[in-house]
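**Student:** Structure file query-v9.csv (CSV, C-alpha atoms and all ligand atoms) right here:
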```csv
chain,number,residue,atom,x,y,z
A,8,MET,CA,0.0,0.0,0.0
A,9,LYS,CA,1.4,3.4,-1.0
A,10,ARG,CA,0.6,6.9,0.2
A,11,VAL,CA,-0.3,8.8,-2.9
A,12,LEU,CA,-1.0,12.4,-3.7
A,13,VAL,CA,-3.3,13.3,-6.7
A,14,THR,CA,-3.2,17.0,-7.6
A,15,GLY,CA,-6.3,18.1,-9.5
A,16,GLY,CA,-7.9,15.0,-8.0
A,17,ALA,CA,-11.4,16.4,-8.3
A,18,GLY,CA,-11.0,17.0,-12.0
A,19,PHE,CA,-12.3,15.0,-14.9
A,20,ILE,CA,-9.3,12.5,-15.1
A,21,GLY,CA,-8.2,13.1,-11.5
A,22,ARG,CA,-11.4,11.8,-10.0
A,23,ALA,CA,-11.2,8.6,-12.1
A,24,LEU,CA,-7.6,8.1,-11.0
A,25,VAL,CA,-8.5,8.6,-7.4
A,26,ALA,CA,-11.2,6.0,-7.7
A,27,ARG,CA,-8.8,3.5,-9.3
A,28,LEU,CA,-6.1,4.1,-6.7
A,29,LEU,CA,-8.6,3.5,-3.9
A,30,GLU,CA,-9.9,0.4,-5.6
A,31,LEU,CA,-6.3,-0.9,-5.6
A,32,GLY,CA,-6.0,-0.3,-1.9
A,33,HIS,CA,-3.8,2.8,-1.7
A,34,ARG,CA,-4.0,5.7,0.7
A,35,VAL,CA,-4.9,8.8,-1.2
A,36,VAL,CA,-4.6,12.6,-0.6
A,37,VAL,CA,-6.4,14.9,-3.0
A,38,VAL,CA,-5.7,18.5,-3.6
A,39,ASP,CA,-7.9,20.7,-5.8
A,40,ASP,CA,-9.0,24.3,-5.8
A,41,TYR,CA,-12.2,23.4,-7.7
A,42,SER,CA,-11.4,26.1,-10.3
A,43,ASN,CA,-12.4,23.7,-13.0
A,44,SER,CA,-14.4,21.1,-11.0
A,45,SER,CA,-16.7,20.9,-8.0
A,46,PRO,CA,-16.9,19.0,-4.7
A,47,GLU,CA,-19.6,16.7,-6.0
A,48,SER,CA,-17.1,15.0,-8.4
A,49,LEU,CA,-15.7,13.3,-5.4
A,50,ASP,CA,-19.0,12.2,-3.9
A,51,GLU,CA,-18.5,8.6,-5.0
A,52,VAL,CA,-15.2,8.3,-3.0
A,53,ARG,CA,-16.0,10.6,-0.1
A,54,GLY,CA,-16.0,8.5,3.1
A,55,HIS,CA,-13.8,5.8,1.6
A,56,ALA,CA,-11.4,4.5,4.3
A,57,GLY,CA,-8.4,4.9,1.9
A,58,LEU,CA,-9.2,8.6,1.2
A,59,GLU,CA,-6.9,10.3,3.8
A,60,ALA,CA,-7.7,13.9,3.0
A,61,ILE,CA,-9.2,16.3,0.5
A,62,VAL,CA,-7.3,19.6,0.7
A,63,VAL,CA,-9.2,22.4,-1.0
A,64,GLY,CA,-6.9,25.2,-2.2
A,65,ASP,CA,-4.6,26.6,-4.8
A,66,LEU,CA,-1.3,24.8,-5.0
A,67,LYS,CA,0.4,28.1,-5.9
A,68,ASP,CA,-0.4,29.2,-2.3
A,69,PRO,CA,2.6,28.3,-0.1
A,70,VAL,CA,0.3,27.6,2.9
A,71,ILE,CA,-1.7,25.1,0.9
A,72,LEU,CA,1.5,23.6,-0.5
A,73,LYS,CA,2.9,23.1,3.0
A,74,ARG,CA,-0.4,21.6,4.2
A,75,VAL,CA,-0.4,19.1,1.3
A,76,PHE,CA,3.2,18.0,1.7
A,77,ASP,CA,2.8,17.5,5.5
A,78,ALA,CA,4.3,13.9,5.4
A,79,PRO,CA,6.2,12.0,2.7
A,80,TYR,CA,4.4,10.5,-0.3
A,81,ASP,CA,5.5,7.3,-2.1
A,82,LEU,CA,3.9,8.6,-5.3
A,83,VAL,CA,2.7,11.9,-6.6
A,84,PHE,CA,0.4,12.2,-9.7
A,85,HIS,CA,0.4,15.8,-10.8
A,86,LEU,CA,-2.7,16.6,-12.8
A,87,ALA,CA,-3.7,20.1,-11.6
A,88,ALA,CA,-3.4,22.5,-14.5
A,89,SER,CA,-5.2,25.0,-16.8
A,90,ILE,CA,-6.3,22.7,-19.6
A,91,ARG,CA,-8.0,24.8,-22.3
A,92,VAL,CA,-6.1,25.7,-25.5
A,93,GLN,CA,-8.4,28.7,-26.1
A,94,ASP,CA,-7.9,30.1,-22.6
A,95,SER,CA,-4.2,29.8,-23.0
A,96,ILE,CA,-4.4,31.9,-26.1
A,97,ASP,CA,-6.7,34.5,-24.5
A,98,ASP,CA,-4.9,34.6,-21.2
A,99,PRO,CA,-1.4,32.9,-21.4
A,100,ARG,CA,-0.3,34.1,-18.0
A,101,THR,CA,-2.9,32.1,-16.1
A,102,THR,CA,-2.0,28.9,-18.1
A,103,PHE,CA,1.7,29.6,-17.4
A,104,ASP,CA,1.1,30.1,-13.7
A,105,ASN,CA,-1.0,27.0,-13.4
A,106,ASP,CA,1.0,24.7,-15.6
A,107,VAL,CA,4.6,25.8,-15.2
A,108,THR,CA,4.9,27.6,-11.9
A,109,LEU,CA,2.6,25.2,-10.2
A,110,THR,CA,4.6,22.2,-11.5
A,111,PHE,CA,7.7,23.8,-10.2
A,112,ASN,CA,6.1,24.2,-6.8
A,113,VAL,CA,5.1,20.6,-6.7
A,114,LEU,CA,8.6,19.5,-7.8
A,115,GLU,CA,10.3,21.7,-5.1
A,116,ALA,CA,8.0,20.3,-2.4
A,117,CYS,CA,8.8,16.8,-3.5
A,118,ARG,CA,12.5,17.5,-3.5
A,119,GLN,CA,12.4,19.1,0.0
A,120,GLN,CA,10.4,16.2,1.4
A,121,TYR,CA,12.6,13.7,-0.2
A,122,PHE,CA,15.8,15.3,1.0
A,123,ALA,CA,14.5,15.8,4.5
A,124,ALA,CA,13.4,12.1,4.7
A,125,ASN,CA,16.9,11.0,3.7
A,126,GLY,CA,18.9,13.4,5.8
A,127,VAL,CA,20.1,15.6,3.0
A,128,GLU,CA,20.4,19.3,3.7
A,129,VAL,CA,18.3,21.4,1.5
A,130,GLY,CA,20.3,24.4,0.1
A,131,ALA,CA,23.8,22.9,0.8
A,132,PRO,CA,26.0,22.2,-2.3
A,133,PHE,CA,24.5,19.1,-3.8
A,134,HIS,CA,26.4,16.3,-5.6
A,135,LEU,CA,24.2,13.5,-6.7
A,136,ASP,CA,27.0,11.0,-6.8
A,137,GLU,CA,27.9,11.5,-3.2
A,138,VAL,CA,24.4,11.2,-1.8
A,139,ALA,CA,22.9,8.9,-4.4
A,140,PRO,CA,23.0,5.7,-2.3
A,141,ARG,CA,21.1,7.3,0.5
A,142,LEU,CA,18.6,9.0,-1.9
A,143,LEU,CA,18.1,6.1,-4.2
A,144,ASP,CA,17.1,4.0,-1.3
A,145,ARG,CA,13.7,5.5,-0.9
A,146,ARG,CA,12.7,7.5,-4.0
A,147,PRO,CA,9.2,8.8,-4.4
A,148,ARG,CA,7.9,8.7,-7.9
A,149,LEU,CA,6.3,11.7,-9.6
A,150,VAL,CA,4.1,11.2,-12.7
A,151,PHE,CA,3.5,14.4,-14.6
A,152,THR,CA,0.4,14.5,-16.8
A,153,SER,CA,1.4,16.2,-20.0
A,154,THR,CA,-0.6,16.0,-23.2
A,155,CYS,CA,-0.4,15.0,-26.9
A,156,MET,CA,-0.8,18.7,-27.6
A,157,VAL,CA,3.0,19.1,-27.2
A,158,TYR,CA,3.6,17.3,-30.5
A,159,ASP,CA,4.5,18.9,-33.8
A,160,ARG,CA,2.1,18.4,-36.6
A,161,ALA,CA,1.9,14.9,-38.1
A,162,PHE,CA,1.0,13.9,-41.6
A,163,GLY,CA,0.1,10.6,-43.3
A,164,ALA,CA,-0.8,7.3,-41.7
A,165,ALA,CA,2.1,7.0,-39.2
A,166,LEU,CA,1.1,7.0,-35.6
A,167,ILE,CA,2.7,9.7,-33.3
A,168,GLU,CA,5.4,8.0,-31.2
A,169,GLU,CA,7.1,9.6,-28.2
A,170,SER,CA,10.2,10.4,-30.4
A,171,HIS,CA,8.0,12.6,-32.7
A,172,PRO,CA,9.3,16.2,-32.5
A,173,THR,CA,7.6,18.6,-30.2
A,174,ARG,CA,6.4,22.0,-31.3
A,175,PRO,CA,3.7,23.7,-29.3
A,176,ALA,CA,0.8,25.3,-31.3
A,177,SER,CA,-0.5,27.2,-28.2
A,178,PRO,CA,0.7,28.5,-24.9
A,179,TYR,CA,-1.0,25.5,-23.4
A,180,GLY,CA,1.3,23.1,-25.3
A,181,ALA,CA,4.3,25.3,-24.6
A,182,SER,CA,3.6,25.4,-20.9
A,183,LYS,CA,3.3,21.6,-20.9
A,184,ILE,CA,6.6,21.2,-22.7
A,185,ALA,CA,8.2,23.6,-20.2
A,186,ALA,CA,6.8,21.7,-17.3
A,187,GLU,CA,7.8,18.3,-18.8
A,188,ASN,CA,11.4,19.6,-19.0
A,189,LEU,CA,11.4,20.8,-15.4
A,190,VAL,CA,10.1,17.4,-14.3
A,191,LEU,CA,12.8,15.6,-16.3
A,192,SER,CA,15.5,18.0,-14.9
A,193,TYR,CA,14.5,17.0,-11.4
A,194,GLY,CA,15.1,13.4,-12.3
A,195,HIS,CA,18.6,14.2,-13.7
A,196,SER,CA,19.6,16.7,-11.1
A,197,TYR,CA,18.3,15.2,-7.9
A,198,GLY,CA,17.6,11.6,-8.7
A,199,LEU,CA,13.8,11.9,-8.3
A,200,SER,CA,12.0,9.1,-10.0
A,201,VAL,CA,10.0,10.9,-12.7
A,202,ALA,CA,7.8,9.9,-15.6
A,203,VAL,CA,5.9,12.0,-18.1
A,204,ALA,CA,2.5,10.8,-19.4
A,205,ARG,CA,1.2,12.1,-22.7
A,206,PRO,CA,-2.4,11.1,-22.9
A,207,PHE,CA,-4.3,11.7,-26.2
A,208,ASN,CA,-7.7,13.4,-26.1
A,209,THR,CA,-9.6,11.9,-23.2
A,210,TYR,CA,-13.4,11.8,-22.9
A,211,GLY,CA,-16.1,10.3,-20.7
A,212,PRO,CA,-18.4,10.9,-17.8
A,213,PHE,CA,-17.8,14.1,-15.7
A,214,GLN,CA,-16.0,16.0,-18.5
A,215,LYS,CA,-17.6,19.4,-18.9
A,216,SER,CA,-20.2,19.6,-21.6
A,217,ASN,CA,-20.5,23.4,-21.8
A,218,LEU,CA,-18.4,25.4,-24.1
A,219,GLU,CA,-15.4,24.8,-21.9
A,220,GLY,CA,-15.7,21.0,-22.2
A,221,GLY,CA,-14.4,18.3,-24.4
A,222,VAL,CA,-15.8,17.8,-27.9
A,223,VAL,CA,-17.4,14.5,-27.1
A,224,SER,CA,-19.3,15.8,-24.1
A,225,ILE,CA,-20.3,19.0,-25.9
A,226,PHE,CA,-21.6,17.0,-29.0
A,227,LEU,CA,-23.5,14.5,-26.8
A,228,ALA,CA,-25.1,17.2,-24.6
A,229,ASN,CA,-26.3,19.1,-27.6
A,230,ALA,CA,-27.6,15.9,-29.3
A,231,LEU,CA,-29.5,15.0,-26.1
A,232,ALA,CA,-31.0,18.5,-26.0
A,233,GLY,CA,-32.0,18.3,-29.6
A,234,ARG,CA,-29.6,21.0,-30.7
A,235,ALA,CA,-27.4,21.1,-33.9
A,236,LEU,CA,-23.8,20.0,-33.5
A,237,ASN,CA,-21.4,22.7,-34.4
A,238,VAL,CA,-18.2,21.5,-36.1
A,239,LYS,CA,-15.4,24.0,-36.0
A,240,GLY,CA,-13.6,24.5,-39.3
A,241,ASP,CA,-14.1,21.8,-42.0
A,242,GLY,CA,-14.1,18.9,-39.6
A,243,THR,CA,-11.3,17.0,-41.2
A,244,GLN,CA,-9.1,17.5,-38.1
A,245,THR,CA,-8.8,14.1,-36.3
A,246,ARG,CA,-8.5,13.1,-32.7
A,247,ASP,CA,-7.5,9.9,-31.0
A,248,LEU,CA,-10.1,9.5,-28.3
A,249,LEU,CA,-9.2,7.7,-25.1
A,250,TYR,CA,-11.9,6.8,-22.6
A,251,VAL,CA,-11.3,8.3,-19.2
A,252,ASP,CA,-11.2,5.0,-17.3
A,253,ASP,CA,-8.5,3.8,-19.7
A,254,CYS,CA,-6.6,7.0,-19.1
A,255,ALA,CA,-6.8,6.6,-15.3
A,256,ARG,CA,-5.8,2.9,-15.5
A,257,PHE,CA,-2.8,3.9,-17.6
A,258,LEU,CA,-1.7,6.6,-15.1
A,259,ALA,CA,-2.0,4.2,-12.2
A,260,MET,CA,0.0,1.5,-14.1
A,261,LEU,CA,2.7,4.1,-14.9
A,262,GLY,CA,2.9,5.3,-11.3
A,263,LEU,CA,2.7,1.9,-9.6
A,264,SER,CA,4.7,-0.3,-12.0
A,265,THR,CA,7.9,-1.8,-10.4
A,266,ALA,CA,8.9,-3.5,-13.7
A,267,PHE,CA,11.0,-0.5,-14.7
A,268,GLU,CA,12.7,2.6,-13.4
A,269,ALA,CA,10.6,5.6,-14.2
A,270,ASP,CA,13.7,7.8,-14.7
A,271,GLY,CA,12.8,10.2,-17.4
A,272,LEU,CA,10.3,8.0,-19.0
A,273,VAL,CA,8.0,9.7,-21.5
A,274,VAL,CA,5.1,7.6,-22.6
A,275,ASN,CA,1.9,8.1,-24.6
A,276,ALA,CA,-1.6,6.8,-23.7
A,277,ALA,CA,-3.5,6.4,-27.0
A,278,THR,CA,-5.7,4.1,-28.9
A,279,GLY,CA,-3.9,4.3,-32.2
A,280,VAL,CA,-7.2,5.0,-34.0
A,281,ASP,CA,-8.3,8.5,-34.9
A,282,VAL,CA,-11.7,9.8,-36.0
A,283,SER,CA,-12.4,13.1,-37.8
A,284,ILE,CA,-14.5,15.6,-35.9
A,285,ALA,CA,-17.0,15.6,-38.8
A,286,ALA,CA,-17.3,11.8,-38.6
A,287,LEU,CA,-17.6,12.0,-34.8
A,288,ALA,CA,-20.4,14.6,-35.2
A,289,GLY,CA,-22.1,12.3,-37.7
A,290,ILE,CA,-22.0,9.3,-35.4
A,291,ILE,CA,-23.4,11.3,-32.4
A,292,ALA,CA,-26.0,13.3,-34.4
A,293,GLY,CA,-27.4,10.2,-36.2
A,294,ALA,CA,-30.7,11.2,-37.7
A,295,ASP,CA,-31.7,13.1,-34.6
A,296,VAL,CA,-30.0,16.5,-35.0
A,297,PRO,CA,-28.3,18.4,-37.8
A,298,VAL,CA,-24.6,19.0,-38.1
A,299,ALA,CA,-23.4,22.6,-38.9
A,300,PHE,CA,-19.9,23.8,-39.8
A,301,VAL,CA,-18.9,27.0,-38.1
A,302,ALA,CA,-15.8,29.3,-38.1
A,303,HIS,CA,-13.0,28.2,-35.9
A,304,ASP,CA,-12.2,30.5,-32.9
A,305,HIS,CA,-8.5,29.9,-33.0
A,306,PRO,CA,-7.6,28.2,-36.3
A,307,GLN,CA,-3.9,28.8,-35.7
A,308,ALA,CA,-3.9,26.5,-32.7
A,309,GLU,CA,-5.8,23.7,-34.4
A,310,ILE,CA,-3.8,20.5,-34.8
A,311,GLN,CA,-5.0,18.7,-38.0
A,312,LYS,CA,-4.1,15.1,-37.1
A,313,LEU,CA,-3.7,13.5,-33.7
A,314,CYS,CA,-3.3,9.8,-33.6
A,315,GLY,CA,-0.9,8.2,-31.1
A,316,SER,CA,1.1,5.1,-30.9
A,317,ASN,CA,0.4,3.1,-27.8
A,318,ALA,CA,3.3,0.7,-28.5
A,319,LYS,CA,5.6,1.9,-25.7
A,320,ALA,CA,2.9,1.9,-23.1
A,321,GLU,CA,2.0,-1.7,-24.1
A,322,ARG,CA,5.6,-2.9,-24.2
A,323,LEU,CA,6.5,-1.3,-20.8
A,324,LEU,CA,3.3,-1.5,-18.9
A,325,GLY,CA,1.1,-4.0,-20.7
A,326,PHE,CA,-1.4,-1.1,-21.1
A,327,VAL,CA,-4.0,-1.6,-23.8
A,328,PRO,CA,-7.2,0.5,-23.9
A,329,GLU,CA,-10.2,-1.5,-23.1
A,330,VAL,CA,-13.1,0.8,-24.1
A,331,ASN,CA,-13.7,1.3,-27.8
A,332,LEU,CA,-15.3,4.5,-29.1
A,333,ALA,CA,-18.8,3.0,-29.6
A,334,ASP,CA,-18.9,1.8,-26.0
A,335,GLY,CA,-17.3,4.9,-24.6
A,336,LEU,CA,-19.9,7.1,-26.4
A,337,LYS,CA,-22.7,4.9,-25.1
A,338,ARG,CA,-21.4,5.2,-21.5
A,339,THR,CA,-20.9,9.0,-21.7
A,340,ARG,CA,-24.3,9.5,-23.3
A,341,ALA,CA,-25.9,7.5,-20.5
A,342,PHE,CA,-24.1,9.6,-17.9
A,343,LEU,CA,-25.2,12.9,-19.4
A,344,ALA,CA,-28.7,11.7,-19.9
A,345,SER,CA,-28.9,10.7,-16.2
A,346,ARG,CA,-28.1,14.3,-15.3
A,347,VAL,CA,-30.5,16.1,-17.5
B,1,LIG,N1,-8.8,15.9,-20.8
B,1,LIG,C1,-7.9,15.6,-21.7
B,1,LIG,O1,-8.3,15.3,-22.9
B,1,LIG,C2,-6.4,15.6,-21.4
B,1,LIG,C3,-5.6,15.0,-22.3
B,1,LIG,C4,-4.2,15.0,-22.1
B,1,LIG,C5,-3.7,15.5,-20.9
B,1,LIG,N2,-4.6,16.1,-20.0
B,1,LIG,C6,-4.0,16.6,-18.8
B,1,LIG,O2,-4.5,15.8,-17.7
B,1,LIG,C7,-4.7,16.7,-16.5
B,1,LIG,C8,-6.1,16.6,-16.0
B,1,LIG,O3,-7.0,17.1,-17.1
B,1,LIG,P1,-8.5,17.1,-16.9
B,1,LIG,O4,-9.1,17.0,-18.3
B,1,LIG,O5,-9.0,16.2,-15.8
B,1,LIG,O6,-8.7,18.6,-16.4
B,1,LIG,P2,-9.6,19.2,-15.2
B,1,LIG,O7,-9.6,20.7,-15.4
B,1,LIG,O8,-10.9,18.5,-15.2
B,1,LIG,O9,-8.7,18.8,-14.0
B,1,LIG,C9,-7.7,19.7,-13.5
B,1,LIG,C10,-8.1,19.9,-12.0
B,1,LIG,O10,-7.0,20.8,-11.5
B,1,LIG,C11,-7.6,21.7,-10.6
B,1,LIG,N3,-6.7,22.9,-10.6
B,1,LIG,C12,-6.4,23.7,-11.6
B,1,LIG,N4,-5.5,24.7,-11.1
B,1,LIG,C13,-5.3,24.4,-9.8
B,1,LIG,C14,-4.5,25.0,-8.8
B,1,LIG,N5,-3.8,26.1,-9.1
B,1,LIG,N6,-4.5,24.4,-7.6
B,1,LIG,C15,-5.2,23.3,-7.3
B,1,LIG,N7,-6.0,22.7,-8.2
B,1,LIG,C16,-6.0,23.2,-9.5
B,1,LIG,C17,-9.0,22.0,-11.3
B,1,LIG,O11,-10.0,22.6,-10.4
B,1,LIG,C18,-9.4,20.7,-11.9
B,1,LIG,O12,-10.2,20.0,-10.9
B,1,LIG,C19,-4.3,18.1,-16.9
B,1,LIG,O13,-2.9,18.3,-16.5
B,1,LIG,C20,-4.4,18.0,-18.4
B,1,LIG,O14,-3.5,18.9,-19.0
B,1,LIG,C21,-5.9,16.1,-20.2
```
In structure tokens, what does this structure look like?
**Tutor:**
Amino acid sequence: MKRVLVTGGAGFIGRALVARLLELGHRVVVVDDYSNSSPESLDEVRGHAGLEAIVVGDLKDPVILKRVFDAPYDLVFHLAASIRVQDSIDDPRTTFDNDVTLTFNVLEACRQQYFAANGVEVGAPFHLDEVAPRLLDRRPRLVFTSTCMVYDRAFGAALIEESHPTRPASPYGASKIAAENLVLSYGHSYGLSVAVARPFNTYGPFQKSNLEGGVVSIFLANALAGRALNVKGDGTQTRDLLYVDDCARFLAMLGLSTAFEADGLVVNAATGVDVSIAALAGIIAGADVPVAFVAHDHPQAEIQKLCGSNAKAERLLGFVPEVNLADGLKRTRAFLASRV
């Protein structure tokens, strides 16, 4: 049993991850400021014996950070972030603060906790070689949740592998690459056990279905309400859609696996199958509602093709997505219908 922290644990993916970790018998602390979620997203796990604490607050606040890192963790999943591409274009500073500065805060808190637990003085000249045996003895692992939006554009039928070049199309992608690099540097500089997860577009229950939500939830909510589905641009842009429980299962496997050292590991979570947004709209609309094509808000930040290779995750972790698109859409539709 491990003591695990999930930042952003009330969020869409975070809540599924928390549920998975509790199911596996771990002791979980959640921190979230509810800036993009609400307390009710944790209702299903509230009261669970393994849920040690839900800390409500902004991790950029030193008081909250101190409260969260009160005692050592074996494993930290860092998911808290500003996640909207559009927001990052309209207000890049907020995304930078929540995605880069906040990641730095979490890394620093992990380092200080890890040094203190191993009798290494924080602030003294540090030589990894000299202290390595002590530090390597009990290393916490940090899994950083990055995104497929860090990748450069891809063309043709080839799946995007982790070696594909990165080139951010938005301040969101740029902030994630910056944060990834900070995370990797803490692995190299201090010997923290770090891994970077790059999930492709994740969908499912609890994702927001208003304009701030994911495309699947927005389309499904509109279809249920009898409204037309608005496809931005010409709809030829594609997405590799990963069901949220698969994403959570992948993150848990990455964090908990003892089959490999996480040191600097960067790994996709993807299905390897993409669907165009026009085709997705057609599937969801059926004969019930019309599909309209509307101008894109930020065409410059659109990524035309996103289809990931899952080969590395399968080879290292044995991770294979279990929920196909038809099933995932059915489950998400049922969830949204139950809340109308
Ligand atoms: N949803 C996707 O398709 C997808 C795909 C790839 C990667 N990701 C990444 O996965 C992570 C989770 O994404 P999600 O879709 O669940 O988003 P989400 O917005 O639902 O979850 C993020 C959570 O972090 C919280 N949060 C934000 N800033 C905070 C702060 N300063 N202090 C404390 N809490 C804060 C929010 O309230 C929210 O509950 C993010 O890092 C995101 O970039 C998401």
**Student:** Could you tell me, counting all atoms listed in the file, which protein and nucleic acid residues lie no more than 6 Å from ligand LIG 1 (chain B), written as a CSV table (one decimal) with C-alpha atoms, in the coordinates of the input?
**Tutor:**
```
chain,number,residue,atom,x,y,z
A,15,GLY,CA,-6.3,18.1,-9.5
A,17,ALA,CA,-11.4,16.4,-8.3
A,18,GLY,CA,-11.0,17.0,-12.0
A,19,PHE,CA,-12.3,15.0,-14.9
A,20,ILE,CA,-9.3,12.5,-15.1
A,21,GLY,CA,-8.2,13.1,-11.5
A,39,ASP,CA,-7.9,20.7,-5.8
A,40,ASP,CA,-9.0,24.3,-5.8
A,41,TYR,CA,-12.2,23.4,-7.7
A,42,SER,CA,-11.4,26.1,-10.3
A,43,ASN,CA,-12.4,23.7,-13.0
A,44,SER,CA,-14.4,21.1,-11.0
A,64,GLY,CA,-6.9,25.2,-2.2
A,65,ASP,CA,-4.6,26.6,-4.8
A,66,LEU,CA,-1.3,24.8,-5.0
A,67,LYS,CA,0.4,28.1,-5.9
A,86,LEU,CA,-2.7,16.6,-12.8
A,87,ALA,CA,-3.7,20.1,-11.6
A,88,ALA,CA,-3.4,22.5,-14.5
A,89,SER,CA,-5.2,25.0,-16.8
A,90,ILE,CA,-6.3,22.7,-19.6
A,105,ASN,CA,-1.0,27.0,-13.4
A,152,THR,CA,0.4,14.5,-16.8
A,153,SER,CA,1.4,16.2,-20.0
A,154,THR,CA,-0.6,16.0,-23.2
A,206,PRO,CA,-2.4,11.1,-22.9
A,207,PHE,CA,-4.3,11.7,-26.2
A,208,ASN,CA,-7.7,13.4,-26.1
A,209,THR,CA,-9.6,11.9,-23.2
```
**Student:** Out of A:Gln119, A:Ser345, A:Gln307, A:Thr278, which residue has the shortest atom-to-atom distance to Arg246 in chain A when counting all atoms listed in the file?
**Tutor:**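 Counting all atoms listed in the file, the residue closest to Arg246 in chain A is A:Thr278.
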**Student:** Just checking: using all atoms listed in the file, which residue out of A:Ala255, A:Ala232, A:Ala299, A:Ala116 ends up closest to Leu28 in chain A?
**Tutor:**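 Selected residue with least distance to Leu28 in chain A: A:Ala255.
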**Student:** Please build the interface table for range 109-185 of chain A against range 312-322 of chain A with a cut-off of 8 Å, listing for each qualifying residue the nearest atom pair and the distance in Å to one decimal; count all atoms listed in the file, order rows by chain and increasing number, and write it as CSV.
**Tutor:**
```
residue,atom,partner,partner_atom,distance
A:Cys155,CA,A:Leu313,CA,7.7
A:Arg160,CA,A:Lys312,CA,7.0
A:Ala161,CA,A:Lys312,CA,6.1
A:Phe162,CA,A:Lys312,CA,6.9
A:Leu166,CA,A:Gly315,CA,5.1
A:Ile167,CA,A:Gly315,CA,4.5
A:Glu168,CA,A:Ser316,CA,5.2
A:Glu169,CA,A:Ser316,CA,8.0
```
**Student:** Tell me, as a PDB file with C-alpha atoms, keeping the file's coordinate frame, which residues lie within 10 Å of Thr245 in chain A, counting only C-alpha atoms; anything in the same chain fewer than 4 positions away does not count.
**Tutor:**
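So the final result, stored in part.pdb, reads:
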```
ATOM      1  CA  VAL A 280      -7.200   5.000 -34.000  1.00  0.00           C
ATOM      2  CA  ASP A 281      -8.300   8.500 -34.900  1.00  0.00           C
ATOM      3  CA  VAL A 282     -11.700   9.800 -36.000  1.00  0.00           C
ATOM      4  CA  SER A 283     -12.400  13.100 -37.800  1.00  0.00           C
ATOM      5  CA  ILE A 284     -14.500  15.600 -35.900  1.00  0.00           C
ATOM      6  CA  ALA A 285     -17.000  15.600 -38.800  1.00  0.00           C
ATOM      7  CA  ALA A 286     -17.300  11.800 -38.600  1.00  0.00           C
ATOM      8  CA  LEU A 287     -17.600  12.000 -34.800  1.00  0.00           C
ATOM      9  CA  ILE A 310      -3.800  20.500 -34.800  1.00  0.00           C
ATOM     10  CA  GLN A 311      -5.000  18.700 -38.000  1.00  0.00           C
ATOM     11  CA  LYS A 312      -4.100  15.100 -37.100  1.00  0.00           C
ATOM     12  CA  LEU A 313      -3.700  13.500 -33.700  1.00  0.00           C
ATOM     13  CA  CYS A 314      -3.300   9.800 -33.600  1.00  0.00           C
TER      14      CYS A 314
END
```
**Student:** Quick one: everything within 9 Å of Gly16 in chain A, counting only C-alpha atoms, minus sequence neighbours fewer than 6 positions away in the same chain. Send it as a list in words.
**Tutor:**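 Here the answer would be Arg22, Ala23, Leu24, Val25, Val36, Val37, Val38, Asp39, Leu49, Ile61, Phe84, His85, Leu86 and Ala87 of chain A.
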**Student:** Hey, can you check how far CA of Ile290 in chain A sits from CA of Gln244 in chain A?
**Tutor:**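 Computed distance, CA of Ile290 in chain A to CA of Gln244 in chain A, equals 15.5 Å.
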**Student:** Would you list the contacts of Ser216 in chain A as a ChimeraX atom specification, taking every protein, DNA or RNA residue within 6 Å and counting all atoms listed in the file, but skipping same-chain residues closer than 2 positions in sequence?
**Tutor:** /A:220,224-225
**Student:** Could you name the residues that touch Val296 in chain A at 8 Å or less, counting all atoms listed in the file, but leaving out those on the same chain fewer than 6 positions away, as a list in words?
**Tutor:** Ala230, Gly233, Arg234, Ala235 and Leu236 of chain A
**Student:** Those same residues, written as a tab-separated table (two decimals), in the coordinates of the input with C-alpha atoms?
**Tutor:**
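Below is the file out_15.tsv, written as the result:
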```
chain	number	residue	atom	x	y	z
A	230	ALA	CA	-27.60	15.90	-29.30
A	233	GLY	CA	-32.00	18.30	-29.60
A	234	ARG	CA	-29.60	21.00	-30.70
A	235	ALA	CA	-27.40	21.10	-33.90
A	236	LEU	CA	-23.80	20.00	-33.50
```
**Student:** Which range 192-260 of chain A residues have any atom within 12 Å of an atom of range 124-137 of chain A, and for each, what is the nearest pair of atoms with distance in Å to one decimal, counting all atoms listed in the file, rows sorted by chain and number, as JSON lines?
**Tutor:**
```
{"residue": "A:Tyr193", "atom": "CA", "partner": "A:Leu135", "partner_atom": "CA", "distance": 11.3}
{"residue": "A:Gly194", "atom": "CA", "partner": "A:Leu135", "partner_atom": "CA", "distance": 10.7}
{"residue": "A:His195", "atom": "CA", "partner": "A:Leu135", "partner_atom": "CA", "distance": 9.0}
{"residue": "A:Ser196", "atom": "CA", "partner": "A:Leu135", "partner_atom": "CA", "distance": 7.1}
{"residue": "A:Tyr197", "atom": "CA", "partner": "A:Leu135", "partner_atom": "CA", "distance": 6.3}
{"residue": "A:Gly198", "atom": "CA", "partner": "A:Leu135", "partner_atom": "CA", "distance": 7.2}
{"residue": "A:Leu199", "atom": "CA", "partner": "A:Leu135", "partner_atom": "CA", "distance": 10.6}
```
**Student:** Mind writing the picked residues with C-alpha atoms as a PDB file, in the frame of the given file?
**Tutor:**
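Final output, part06.pdb:
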```
ATOM      1  CA  TYR A 193      14.500  17.000 -11.400  1.00  0.00           C
ATOM      2  CA  GLY A 194      15.100  13.400 -12.300  1.00  0.00           C
ATOM      3  CA  HIS A 195      18.600  14.200 -13.700  1.00  0.00           C
ATOM      4  CA  SER A 196      19.600  16.700 -11.100  1.00  0.00           C
ATOM      5  CA  TYR A 197      18.300  15.200  -7.900  1.00  0.00           C
ATOM      6  CA  GLY A 198      17.600  11.600  -8.700  1.00  0.00           C
ATOM      7  CA  LEU A 199      13.800  11.900  -8.300  1.00  0.00           C
TER       8      LEU A 199
END
```
